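Working notes, beginning with the structure itself.
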Number of protein chains: 2
Amino acid sequence: MTKTITTNIPLAEKAYQVIREQILNNSYRAGEQILEKTLVETLAISRTPVREACVRLEKEGLIEIKPRHGIRVKPISLEDMAEIYEILTALESEAARKLATQNLKAADLKKLVTPTTAMEKALAKNDLEAWAEADEAFHLALVELSGNQRLKQVVLQFWGQAHRVRYFTLHLRDKPTGSTQDHIDLVNAIKAGNSELAASIHRNHRIEGKENLLKLLDKYRFVQL
Amino acid sequence: MTKTITTNIPLAEKAYQVIREQILNNSYRAGEQILEKTLVETLAISRTPVREACVRLEKEGLIEIKPRHGIRVKPISLEDMAEIYEILTALESEAARKLATQNLKAADLKKLVTPTTAMEKALAKNDLEAWAEADEAFHLALVELSGNQRLKQVVLQFWGQAHRVRYFTLHLRDKPTGSTQDHIDLVNAIKAGNSELAASIHRNHRIEGKENLLKLLDKYRFVQL
DNA sequence: CCGTACGTTAATGTATACATTGGTTTATTG
DNA sequence: CAATAAACCAATGTATACATTAACGTACGG
């Protein structure tokens, strides 16, 4: 009789959300192994829903299920980051290309412009968290406006895999001034209906981002995070 | 005591493989609802592993878990196919672009050339199954040679979602003669190290494929499969 | 006759009991 | 003392029991 309030979300879903959040928040170290028992006791949820949550997280690429050793938070290596950026580059460029062929309504364009100006403001105030948040909003808007639900899902999935690394590197990197200009240019290309330009601007944006990141990881000798 | 041979693969894995195979083979109708109980009895595997298999299949986009109505084989609409082709276009083009920048070994090039010639032979013999198989081998080789495991996984995932539709349309479409030439051109662009050309050839190849398919589905009034 | 409300039921969501297995520890022997 | 083998143990894989809920049917009232 520990029940007080009946939340209507299934426990399996809750377990999934909580564990996922903890991974993204860097509550676990990379490669850390966690026993089912620990999760069950921490979450106060029985094994069945916890196991289902783990299966989902494995499919999502955030953990590995080690047959008799619980789960393991997947470490992200430089190669992994290169893979992830390659995919994001391809899919987001595709989204950018597509947007340029559509006649975006003013309200939709605003969804791209607002985060861009927010990025500028955040940079002026040296608020990197706010900058990262706005950057994330921009990229999210890009794939949402594409109207391709599957594309959006895949981008979010890999964005999630890269999240931990972004978290660590946010304060190590140089001030990301170029990014904002790229976004402005992209919005203009979309407005102008120039799909090839839009795609190539975003492609180059992502490639630069990737190279900066890999250089940074190399500089700080991060083999994996 | 029905146990005779001890296979070492976990039952959850077996359930996943069997159900997945049945879906891809069109053993179920689109949108068909299947009760957990039915799966449990058919597979002679208890609920826990079967449920885990279903969770995996849902993440893979092949089924939906309907809270109190078992699972539902996800029907594929024209819009779904458009989404899937858009993603395949972006990712495979990216792979093609990347391959052109590398100096592929002869053995690796062969992995692309062999399926291409197999496609020609199959066409000459009017063997559409063999043609489809070779076509699949070509696309698989493309993403495998990219070296990007995640990219490969995503492509295979969506290839799986589209599989049922391809199966139905294989014998309805015109003889796919253009496809083979596209593949030859792509191999040549890769050999020549022309990454932009490689990407655009493959992009156009996929766009044509998509348009042919959508026209076909429209012609036969397929709303969903 | 129709609509609503309640009860039954069947299916899933959840918890737990049982089976299996791989690793570790201990005991025995050379 | 060291090496090997057997037995134990802890963790997961699997099965099943129990709880919950939504849908359907029935009965009662208007």
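For the structure tokens, the naming scheme is as follows: chains receive sequential letters (A, B, ...) according to their order of presentation, residues are indexed from 1 within each chain, and ligands are indexed from 1 in presentation order.
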
Please return, as a list in words, all residues of chain C lying within 12 Å of chain B when only C-alpha atoms (C1' of nucleotides) are considered. DA10, DA11, DT12, DG13, DT14, DT20 and DT21 of chain C

Generate the output file for the selected residues, all heavy atoms, as a short mmCIF file (atom, residue, chain, number, x, y, z; two decimals), in the first residue's frame.
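Resulting contents of selection38.cif:
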```cif
data_model
loop_
_atom_site.label_atom_id
_atom_site.label_comp_id
_atom_site.auth_asym_id
_atom_site.auth_seq_id
_atom_site.Cartn_x
_atom_site.Cartn_y
_atom_site.Cartn_z
P DA C 10 -14.15 -14.29 -21.27
OP1 DA C 10 -15.24 -15.05 -21.92
OP2 DA C 10 -13.36 -14.90 -20.19
"O5'" DA C 10 -13.18 -13.79 -22.42
"C5'" DA C 10 -13.51 -12.62 -23.17
"C4'" DA C 10 -12.32 -11.69 -23.24
"O4'" DA C 10 -12.22 -10.89 -22.04
"C3'" DA C 10 -10.97 -12.39 -23.38
"O3'" DA C 10 -10.18 -11.64 -24.26
"C2'" DA C 10 -10.41 -12.33 -21.96
"C1'" DA C 10 -10.90 -10.94 -21.56
N9 DA C 10 -10.88 -10.68 -20.13
C8 DA C 10 -11.12 -11.56 -19.12
N7 DA C 10 -11.05 -11.02 -17.92
C5 DA C 10 -10.75 -9.70 -18.17
C6 DA C 10 -10.55 -8.59 -17.32
N6 DA C 10 -10.62 -8.67 -15.99
N1 DA C 10 -10.27 -7.41 -17.89
C2 DA C 10 -10.19 -7.34 -19.23
N3 DA C 10 -10.36 -8.31 -20.12
C4 DA C 10 -10.64 -9.47 -19.53
P DA C 11 -9.21 -12.40 -25.29
OP1 DA C 11 -9.81 -12.42 -26.64
OP2 DA C 11 -8.79 -13.65 -24.62
"O5'" DA C 11 -7.95 -11.43 -25.31
"C5'" DA C 11 -8.11 -10.06 -25.64
"C4'" DA C 11 -7.24 -9.22 -24.75
"O4'" DA C 11 -7.74 -9.26 -23.40
"C3'" DA C 11 -5.80 -9.71 -24.63
"O3'" DA C 11 -4.94 -8.89 -25.42
"C2'" DA C 11 -5.45 -9.57 -23.16
"C1'" DA C 11 -6.67 -8.92 -22.55
N9 DA C 11 -6.95 -9.46 -21.22
C8 DA C 11 -7.22 -10.76 -20.88
N7 DA C 11 -7.39 -10.95 -19.59
C5 DA C 11 -7.22 -9.69 -19.05
C6 DA C 11 -7.27 -9.22 -17.74
N6 DA C 11 -7.52 -10.01 -16.70
N1 DA C 11 -7.04 -7.91 -17.54
C2 DA C 11 -6.78 -7.13 -18.60
N3 DA C 11 -6.71 -7.46 -19.88
C4 DA C 11 -6.94 -8.77 -20.04
P DT C 12 -3.33 -9.12 -25.41
OP1 DT C 12 -2.83 -8.79 -26.75
OP2 DT C 12 -3.04 -10.41 -24.78
"O5'" DT C 12 -2.85 -7.97 -24.41
"C5'" DT C 12 -3.22 -6.64 -24.67
"C4'" DT C 12 -3.01 -5.80 -23.42
"O4'" DT C 12 -3.65 -6.42 -22.29
"C3'" DT C 12 -1.55 -5.61 -23.02
"O3'" DT C 12 -1.36 -4.25 -22.65
"C2'" DT C 12 -1.37 -6.56 -21.85
"C1'" DT C 12 -2.75 -6.48 -21.20
N1 DT C 12 -3.09 -7.65 -20.35
C2 DT C 12 -3.39 -7.44 -19.03
O2 DT C 12 -3.38 -6.33 -18.52
N3 DT C 12 -3.68 -8.58 -18.32
C4 DT C 12 -3.72 -9.87 -18.80
O4 DT C 12 -4.00 -10.80 -18.06
C5 DT C 12 -3.39 -10.02 -20.20
C7 DT C 12 -3.41 -11.36 -20.82
C6 DT C 12 -3.09 -8.92 -20.89
P DG C 13 0.10 -3.72 -22.36
OP1 DG C 13 0.20 -2.38 -22.94
OP2 DG C 13 1.08 -4.76 -22.76
"O5'" DG C 13 0.14 -3.60 -20.78
"C5'" DG C 13 -0.47 -2.48 -20.16
"C4'" DG C 13 -0.16 -2.50 -18.67
"O4'" DG C 13 -0.65 -3.73 -18.09
"C3'" DG C 13 1.33 -2.43 -18.33
"O3'" DG C 13 1.48 -1.62 -17.16
"C2'" DG C 13 1.68 -3.89 -18.08
"C1'" DG C 13 0.40 -4.42 -17.44
N9 DG C 13 0.16 -5.84 -17.63
C8 DG C 13 0.16 -6.55 -18.80
N7 DG C 13 -0.11 -7.82 -18.64
C5 DG C 13 -0.31 -7.96 -17.27
C6 DG C 13 -0.62 -9.11 -16.51
O6 DG C 13 -0.80 -10.26 -16.88
N1 DG C 13 -0.72 -8.80 -15.15
C2 DG C 13 -0.55 -7.55 -14.61
N2 DG C 13 -0.68 -7.44 -13.29
N3 DG C 13 -0.25 -6.47 -15.32
C4 DG C 13 -0.14 -6.75 -16.63
P DT C 14 2.87 -1.31 -16.57
OP1 DT C 14 2.73 -0.02 -15.86
OP2 DT C 14 3.92 -1.49 -17.58
"O5'" DT C 14 3.01 -2.46 -15.48
"C5'" DT C 14 2.17 -2.42 -14.32
"C4'" DT C 14 2.50 -3.57 -13.40
"O4'" DT C 14 2.21 -4.82 -14.05
"C3'" DT C 14 3.96 -3.66 -12.96
"O3'" DT C 14 3.97 -3.43 -11.56
"C2'" DT C 14 4.40 -5.08 -13.33
"C1'" DT C 14 3.08 -5.80 -13.55
N1 DT C 14 3.06 -6.91 -14.53
C2 DT C 14 2.70 -8.15 -14.08
O2 DT C 14 2.44 -8.39 -12.92
N3 DT C 14 2.68 -9.13 -15.06
C4 DT C 14 2.97 -8.98 -16.39
O4 DT C 14 2.92 -9.92 -17.16
C5 DT C 14 3.33 -7.64 -16.80
C7 DT C 14 3.66 -7.37 -18.23
C6 DT C 14 3.36 -6.68 -15.85
P DT C 20 16.13 -25.70 -16.66
OP1 DT C 20 15.81 -26.35 -17.95
OP2 DT C 20 16.52 -26.49 -15.48
"O5'" DT C 20 17.25 -24.62 -16.95
"C5'" DT C 20 16.96 -23.54 -17.86
"C4'" DT C 20 18.18 -22.64 -17.97
"O4'" DT C 20 18.28 -21.79 -16.80
"C3'" DT C 20 19.53 -23.36 -18.10
"O3'" DT C 20 20.24 -22.74 -19.14
"C2'" DT C 20 20.18 -23.14 -16.73
"C1'" DT C 20 19.63 -21.76 -16.38
N1 DT C 20 19.62 -21.42 -14.93
C2 DT C 20 20.06 -20.18 -14.54
O2 DT C 20 20.46 -19.35 -15.32
N3 DT C 20 19.99 -19.95 -13.18
C4 DT C 20 19.55 -20.82 -12.21
O4 DT C 20 19.55 -20.51 -11.03
C5 DT C 20 19.11 -22.12 -12.70
C7 DT C 20 18.61 -23.14 -11.74
C6 DT C 20 19.17 -22.34 -14.01
P DT C 21 21.52 -23.47 -19.78
OP1 DT C 21 21.30 -23.56 -21.24
OP2 DT C 21 21.82 -24.67 -18.98
"O5'" DT C 21 22.66 -22.39 -19.53
"C5'" DT C 21 22.35 -21.00 -19.65
"C4'" DT C 21 23.39 -20.20 -18.90
"O4'" DT C 21 23.04 -20.08 -17.50
"C3'" DT C 21 24.79 -20.81 -18.92
"O3'" DT C 21 25.73 -19.77 -19.11
"C2'" DT C 21 24.94 -21.40 -17.53
"C1'" DT C 21 24.20 -20.34 -16.72
N1 DT C 21 23.76 -20.77 -15.37
C2 DT C 21 23.79 -19.85 -14.35
O2 DT C 21 24.14 -18.70 -14.51
N3 DT C 21 23.38 -20.34 -13.13
C4 DT C 21 22.95 -21.62 -12.84
O4 DT C 21 22.61 -21.93 -11.72
C5 DT C 21 22.96 -22.53 -13.97
C7 DT C 21 22.53 -23.96 -13.77
C6 DT C 21 23.36 -22.08 -15.16
#
```

Mind checking which residues fall within 10 Å of DT14 in chain D, counting only C-alpha atoms (C1' of nucleotides), ignoring those fewer than 2 positions away in the same chain, and posting them as JSON, numbers by chain? {"B": [10, 11, 12, 45, 46, 47, 48, 49], "C": [18, 19, 20], "D": [12, 16]}

Generate a file of the selected residues that holds all heavy atoms, formatted as a compact mmCIF listing (two decimals), in the first residue's frame.
```
# COMPACT_ATOMS: atom_id res chain seq x y z
N PRO B 10 18.61 -17.11 -27.33
CA PRO B 10 17.56 -16.79 -26.37
C PRO B 10 16.19 -16.82 -27.05
O PRO B 10 16.07 -16.50 -28.24
CB PRO B 10 17.90 -15.36 -25.93
CG PRO B 10 19.33 -15.16 -26.30
CD PRO B 10 19.60 -16.03 -27.47
N LEU B 11 15.18 -17.15 -26.30
CA LEU B 11 13.83 -17.24 -26.85
C LEU B 11 13.33 -15.88 -27.30
O LEU B 11 12.59 -15.78 -28.28
CB LEU B 11 12.88 -17.84 -25.81
CG LEU B 11 13.16 -19.30 -25.46
CD1 LEU B 11 12.14 -19.81 -24.46
CD2 LEU B 11 13.14 -20.16 -26.71
N ALA B 12 13.74 -14.84 -26.58
CA ALA B 12 13.31 -13.49 -26.98
C ALA B 12 13.83 -13.18 -28.38
O ALA B 12 13.13 -12.60 -29.20
CB ALA B 12 13.83 -12.47 -25.97
N ILE B 45 6.18 -19.86 -26.92
CA ILE B 45 7.14 -19.13 -26.09
C ILE B 45 6.31 -18.28 -25.14
O ILE B 45 5.26 -17.78 -25.53
CB ILE B 45 8.03 -18.24 -26.98
CG1 ILE B 45 8.93 -19.10 -27.88
CG2 ILE B 45 8.88 -17.29 -26.15
CD1 ILE B 45 9.75 -18.32 -28.87
N SER B 46 6.79 -18.13 -23.93
CA SER B 46 5.96 -17.44 -22.94
C SER B 46 5.88 -15.94 -23.19
O SER B 46 6.55 -15.40 -24.07
CB SER B 46 6.48 -17.70 -21.54
OG SER B 46 7.64 -16.96 -21.32
N ARG B 47 5.06 -15.28 -22.43
CA ARG B 47 4.74 -13.88 -22.71
C ARG B 47 5.94 -12.96 -22.60
O ARG B 47 6.10 -12.05 -23.43
CB ARG B 47 3.65 -13.41 -21.75
CG ARG B 47 2.29 -13.97 -22.09
CD ARG B 47 1.25 -13.44 -21.14
NE ARG B 47 1.08 -12.00 -21.32
CZ ARG B 47 0.64 -11.19 -20.38
NH1 ARG B 47 0.32 -11.66 -19.20
NH2 ARG B 47 0.51 -9.90 -20.61
N THR B 48 6.76 -13.16 -21.61
CA THR B 48 7.87 -12.21 -21.39
C THR B 48 8.77 -12.06 -22.63
O THR B 48 8.95 -10.93 -23.10
CB THR B 48 8.68 -12.60 -20.14
OG1 THR B 48 7.78 -12.79 -19.05
CG2 THR B 48 9.69 -11.54 -19.80
N PRO B 49 9.32 -13.14 -23.15
CA PRO B 49 10.16 -12.98 -24.35
C PRO B 49 9.38 -12.45 -25.54
O PRO B 49 9.92 -11.64 -26.32
CB PRO B 49 10.66 -14.39 -24.63
CG PRO B 49 10.40 -15.19 -23.42
CD PRO B 49 9.28 -14.54 -22.69
P DC C 18 8.67 -21.09 -6.79
OP1 DC C 18 7.67 -22.10 -6.41
OP2 DC C 18 9.71 -20.63 -5.83
O5' DC C 18 9.42 -21.59 -8.10
C5' DC C 18 8.65 -21.86 -9.29
C4' DC C 18 9.58 -21.96 -10.47
O4' DC C 18 10.12 -20.65 -10.80
C3' DC C 18 10.81 -22.87 -10.24
O3' DC C 18 10.90 -23.77 -11.35
C2' DC C 18 11.98 -21.90 -10.20
C1' DC C 18 11.48 -20.80 -11.14
N1 DC C 18 12.14 -19.49 -10.98
C2 DC C 18 12.69 -18.89 -12.12
O2 DC C 18 12.60 -19.47 -13.20
N3 DC C 18 13.31 -17.68 -11.99
C4 DC C 18 13.39 -17.10 -10.81
N4 DC C 18 13.99 -15.91 -10.74
C5 DC C 18 12.84 -17.69 -9.64
C6 DC C 18 12.23 -18.88 -9.77
P DA C 19 12.11 -24.78 -11.43
OP1 DA C 19 11.57 -26.07 -11.90
OP2 DA C 19 12.90 -24.70 -10.18
O5' DA C 19 12.96 -24.17 -12.62
C5' DA C 19 12.31 -23.82 -13.85
C4' DA C 19 13.35 -23.58 -14.93
O4' DA C 19 13.94 -22.26 -14.75
C3' DA C 19 14.53 -24.56 -14.94
O3' DA C 19 14.87 -24.79 -16.30
C2' DA C 19 15.61 -23.84 -14.15
C1' DA C 19 15.32 -22.37 -14.47
N9 DA C 19 15.57 -21.43 -13.38
C8 DA C 19 15.21 -21.55 -12.07
N7 DA C 19 15.55 -20.52 -11.33
C5 DA C 19 16.16 -19.65 -12.23
C6 DA C 19 16.74 -18.38 -12.07
N6 DA C 19 16.78 -17.74 -10.91
N1 DA C 19 17.27 -17.79 -13.17
C2 DA C 19 17.21 -18.44 -14.33
N3 DA C 19 16.69 -19.64 -14.60
C4 DA C 19 16.18 -20.20 -13.49
P DT C 20 16.13 -25.70 -16.66
OP1 DT C 20 15.81 -26.35 -17.95
OP2 DT C 20 16.52 -26.49 -15.48
O5' DT C 20 17.25 -24.62 -16.95
C5' DT C 20 16.96 -23.54 -17.86
C4' DT C 20 18.18 -22.64 -17.97
O4' DT C 20 18.28 -21.79 -16.80
C3' DT C 20 19.53 -23.36 -18.10
O3' DT C 20 20.24 -22.74 -19.14
C2' DT C 20 20.18 -23.14 -16.73
C1' DT C 20 19.63 -21.76 -16.38
N1 DT C 20 19.62 -21.42 -14.93
C2 DT C 20 20.06 -20.18 -14.54
O2 DT C 20 20.46 -19.35 -15.32
N3 DT C 20 19.99 -19.95 -13.18
C4 DT C 20 19.55 -20.82 -12.21
O4 DT C 20 19.55 -20.51 -11.03
C5 DT C 20 19.11 -22.12 -12.70
C7 DT C 20 18.61 -23.14 -11.74
C6 DT C 20 19.17 -22.34 -14.01
P DT D 12 21.46 -8.84 -13.80
OP1 DT D 12 21.89 -7.60 -14.44
OP2 DT D 12 20.42 -8.83 -12.75
O5' DT D 12 21.01 -9.87 -14.92
C5' DT D 12 21.94 -10.22 -15.94
C4' DT D 12 21.46 -11.47 -16.65
O4' DT D 12 21.14 -12.51 -15.69
C3' DT D 12 20.20 -11.27 -17.48
O3' DT D 12 20.37 -11.95 -18.73
C2' DT D 12 19.10 -11.91 -16.64
C1' DT D 12 19.86 -13.04 -15.98
N1 DT D 12 19.25 -13.53 -14.73
C2 DT D 12 18.86 -14.85 -14.65
O2 DT D 12 19.02 -15.64 -15.56
N3 DT D 12 18.30 -15.21 -13.45
C4 DT D 12 18.09 -14.42 -12.35
O4 DT D 12 17.57 -14.87 -11.33
C5 DT D 12 18.49 -13.04 -12.51
C7 DT D 12 18.31 -12.08 -11.38
C6 DT D 12 19.04 -12.68 -13.67
P DT D 16 4.48 -21.82 -17.86
OP1 DT D 16 4.28 -23.24 -17.53
OP2 DT D 16 3.99 -21.27 -19.13
O5' DT D 16 3.87 -20.95 -16.66
C5' DT D 16 4.42 -21.09 -15.37
C4' DT D 16 3.88 -20.03 -14.43
O4' DT D 16 4.49 -18.74 -14.69
C3' DT D 16 2.37 -19.79 -14.52
O3' DT D 16 1.90 -19.58 -13.21
C2' DT D 16 2.29 -18.49 -15.31
C1' DT D 16 3.47 -17.77 -14.66
N1 DT D 16 3.94 -16.56 -15.36
C2 DT D 16 4.22 -15.44 -14.61
O2 DT D 16 4.13 -15.42 -13.40
N3 DT D 16 4.65 -14.36 -15.33
C4 DT D 16 4.80 -14.28 -16.70
O4 DT D 16 5.18 -13.26 -17.21
C5 DT D 16 4.48 -15.49 -17.43
C7 DT D 16 4.61 -15.50 -18.91
C6 DT D 16 4.06 -16.55 -16.73
```

Please check the contacts: residues of chain D at most 12 Å away from chain A, using only C-alpha atoms (C1' of nucleotides), listed as an NGL selection string. :D and (10-14 or 20-21)

At most 12 Å to chain B: residues in chain A, only C-alpha atoms, as a PyMOL selection string: chain A and resi 9-10+12-13+16+47-61+67-68+79-98+143+146-155+157-158+161+196+199-200+203

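Going from CA of Leu140 in chain B over to CA of Leu156 in chain B, you cover 8.0 Å.
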
List every residue of range 9-202 of chain B that DSSP, applied to the backbone of this structure, assigns to strand (DSSP E or B), and report them as a PyMOL selection string. chain B and resi 33-34+63-65+71-73+77

Dump C-alpha atoms for the selected residues as a short mmCIF file (atom, residue, chain, number, x, y, z; two decimals), in the first residue's frame?
```cif
data_model
loop_
_atom_site.label_atom_id
_atom_site.label_comp_id
_atom_site.auth_asym_id
_atom_site.auth_seq_id
_atom_site.Cartn_x
_atom_site.Cartn_y
_atom_site.Cartn_z
CA GLN B 33 -4.13 -7.05 -35.30
CA ILE B 34 -2.61 -9.95 -33.47
CA ILE B 63 4.43 -2.88 -35.68
CA GLU B 64 2.47 -0.72 -33.31
CA ILE B 65 1.66 -1.89 -29.82
CA ILE B 71 0.02 -5.57 -31.82
CA ARG B 72 -0.82 -4.21 -35.22
CA VAL B 73 1.29 -4.69 -38.31
CA SER B 77 0.82 4.29 -47.06
#
```

If we count only C-alpha atoms (C1' of nucleotides) and set the cut-off at 10 Å, which residues sit around DG25 in chain D, ignoring sequence neighbours fewer than 2 positions away in its own chain? Please answer as a ChimeraX atom specification. /C:7-9 /D:23,27

For N, CA and C atoms (P, O5', C5', C4', C3', O3' and C1' of nucleotides), I'd like the residues from the last selection saved as a PDB file, in the first residue's frame.
```
ATOM      1  P    DG C   7     -22.546  -3.193 -10.065  1.00  0.00           P
ATOM      2  O5'  DG C   7     -22.311  -4.662 -10.615  1.00  0.00           O
ATOM      3  C5'  DG C   7     -23.396  -5.354 -11.258  1.00  0.00           C
ATOM      4  C4'  DG C   7     -22.845  -6.259 -12.341  1.00  0.00           C
ATOM      5  C3'  DG C   7     -21.576  -7.030 -11.936  1.00  0.00           C
ATOM      6  O3'  DG C   7     -21.688  -8.347 -12.426  1.00  0.00           O
ATOM      7  C1'  DG C   7     -21.172  -5.858 -13.922  1.00  0.00           C
ATOM      8  P    DT C   8     -20.872  -9.491 -11.706  1.00  0.00           P
ATOM      9  O5'  DT C   8     -20.382 -10.333 -12.963  1.00  0.00           O
ATOM     10  C5'  DT C   8     -21.251 -10.448 -14.112  1.00  0.00           C
ATOM     11  C4'  DT C   8     -20.412 -10.510 -15.365  1.00  0.00           C
ATOM     12  C3'  DT C   8     -19.169 -11.414 -15.258  1.00  0.00           C
ATOM     13  O3'  DT C   8     -19.200 -12.347 -16.318  1.00  0.00           O
ATOM     14  C1'  DT C   8     -18.603  -9.325 -16.219  1.00  0.00           C
ATOM     15  P    DT C   9     -18.224 -13.581 -16.332  1.00  0.00           P
ATOM     16  O5'  DT C   9     -17.256 -13.235 -17.532  1.00  0.00           O
ATOM     17  C5'  DT C   9     -17.772 -12.518 -18.662  1.00  0.00           C
ATOM     18  C4'  DT C   9     -16.615 -12.029 -19.515  1.00  0.00           C
ATOM     19  C3'  DT C   9     -15.353 -12.897 -19.438  1.00  0.00           C
ATOM     20  O3'  DT C   9     -14.758 -12.927 -20.724  1.00  0.00           O
ATOM     21  C1'  DT C   9     -14.798 -10.709 -18.892  1.00  0.00           C
TER      22       DT C   9
ATOM     23  P    DA D  23     -11.823   0.671 -24.973  1.00  0.00           P
ATOM     24  O5'  DA D  23     -12.725  -0.479 -25.610  1.00  0.00           O
ATOM     25  C5'  DA D  23     -12.141  -1.758 -25.826  1.00  0.00           C
ATOM     26  C4'  DA D  23     -13.154  -2.846 -25.559  1.00  0.00           C
ATOM     27  C3'  DA D  23     -14.543  -2.569 -26.154  1.00  0.00           C
ATOM     28  O3'  DA D  23     -15.004  -3.738 -26.805  1.00  0.00           O
ATOM     29  C1'  DA D  23     -14.741  -3.150 -23.894  1.00  0.00           C
ATOM     30  P    DA D  27     -29.966  -9.931 -18.371  1.00  0.00           P
ATOM     31  O5'  DA D  27     -30.492  -9.049 -17.157  1.00  0.00           O
ATOM     32  C5'  DA D  27     -29.542  -8.480 -16.257  1.00  0.00           C
ATOM     33  C4'  DA D  27     -29.930  -7.054 -15.910  1.00  0.00           C
ATOM     34  C3'  DA D  27     -31.444  -6.823 -15.797  1.00  0.00           C
ATOM     35  O3'  DA D  27     -31.693  -6.004 -14.672  1.00  0.00           O
ATOM     36  C1'  DA D  27     -30.526  -5.258 -17.247  1.00  0.00           C
TER      37       DA D  27
END
```

What is the CA of Asp127 in chain B to CA of Asp108 in chain B distance in Å? 26.1 Å

Mind checking which residues fall within 9 Å of Tyr167 in chain A, counting only C-alpha atoms (C1' of nucleotides), ignoring those fewer than 6 positions away in the same chain, and posting them as a PyMOL selection string? chain A and resi 24-26

Two-atom distance - CA of Leu213 in chain B, CA of Leu142 in chain A (Å): 27.0 Å
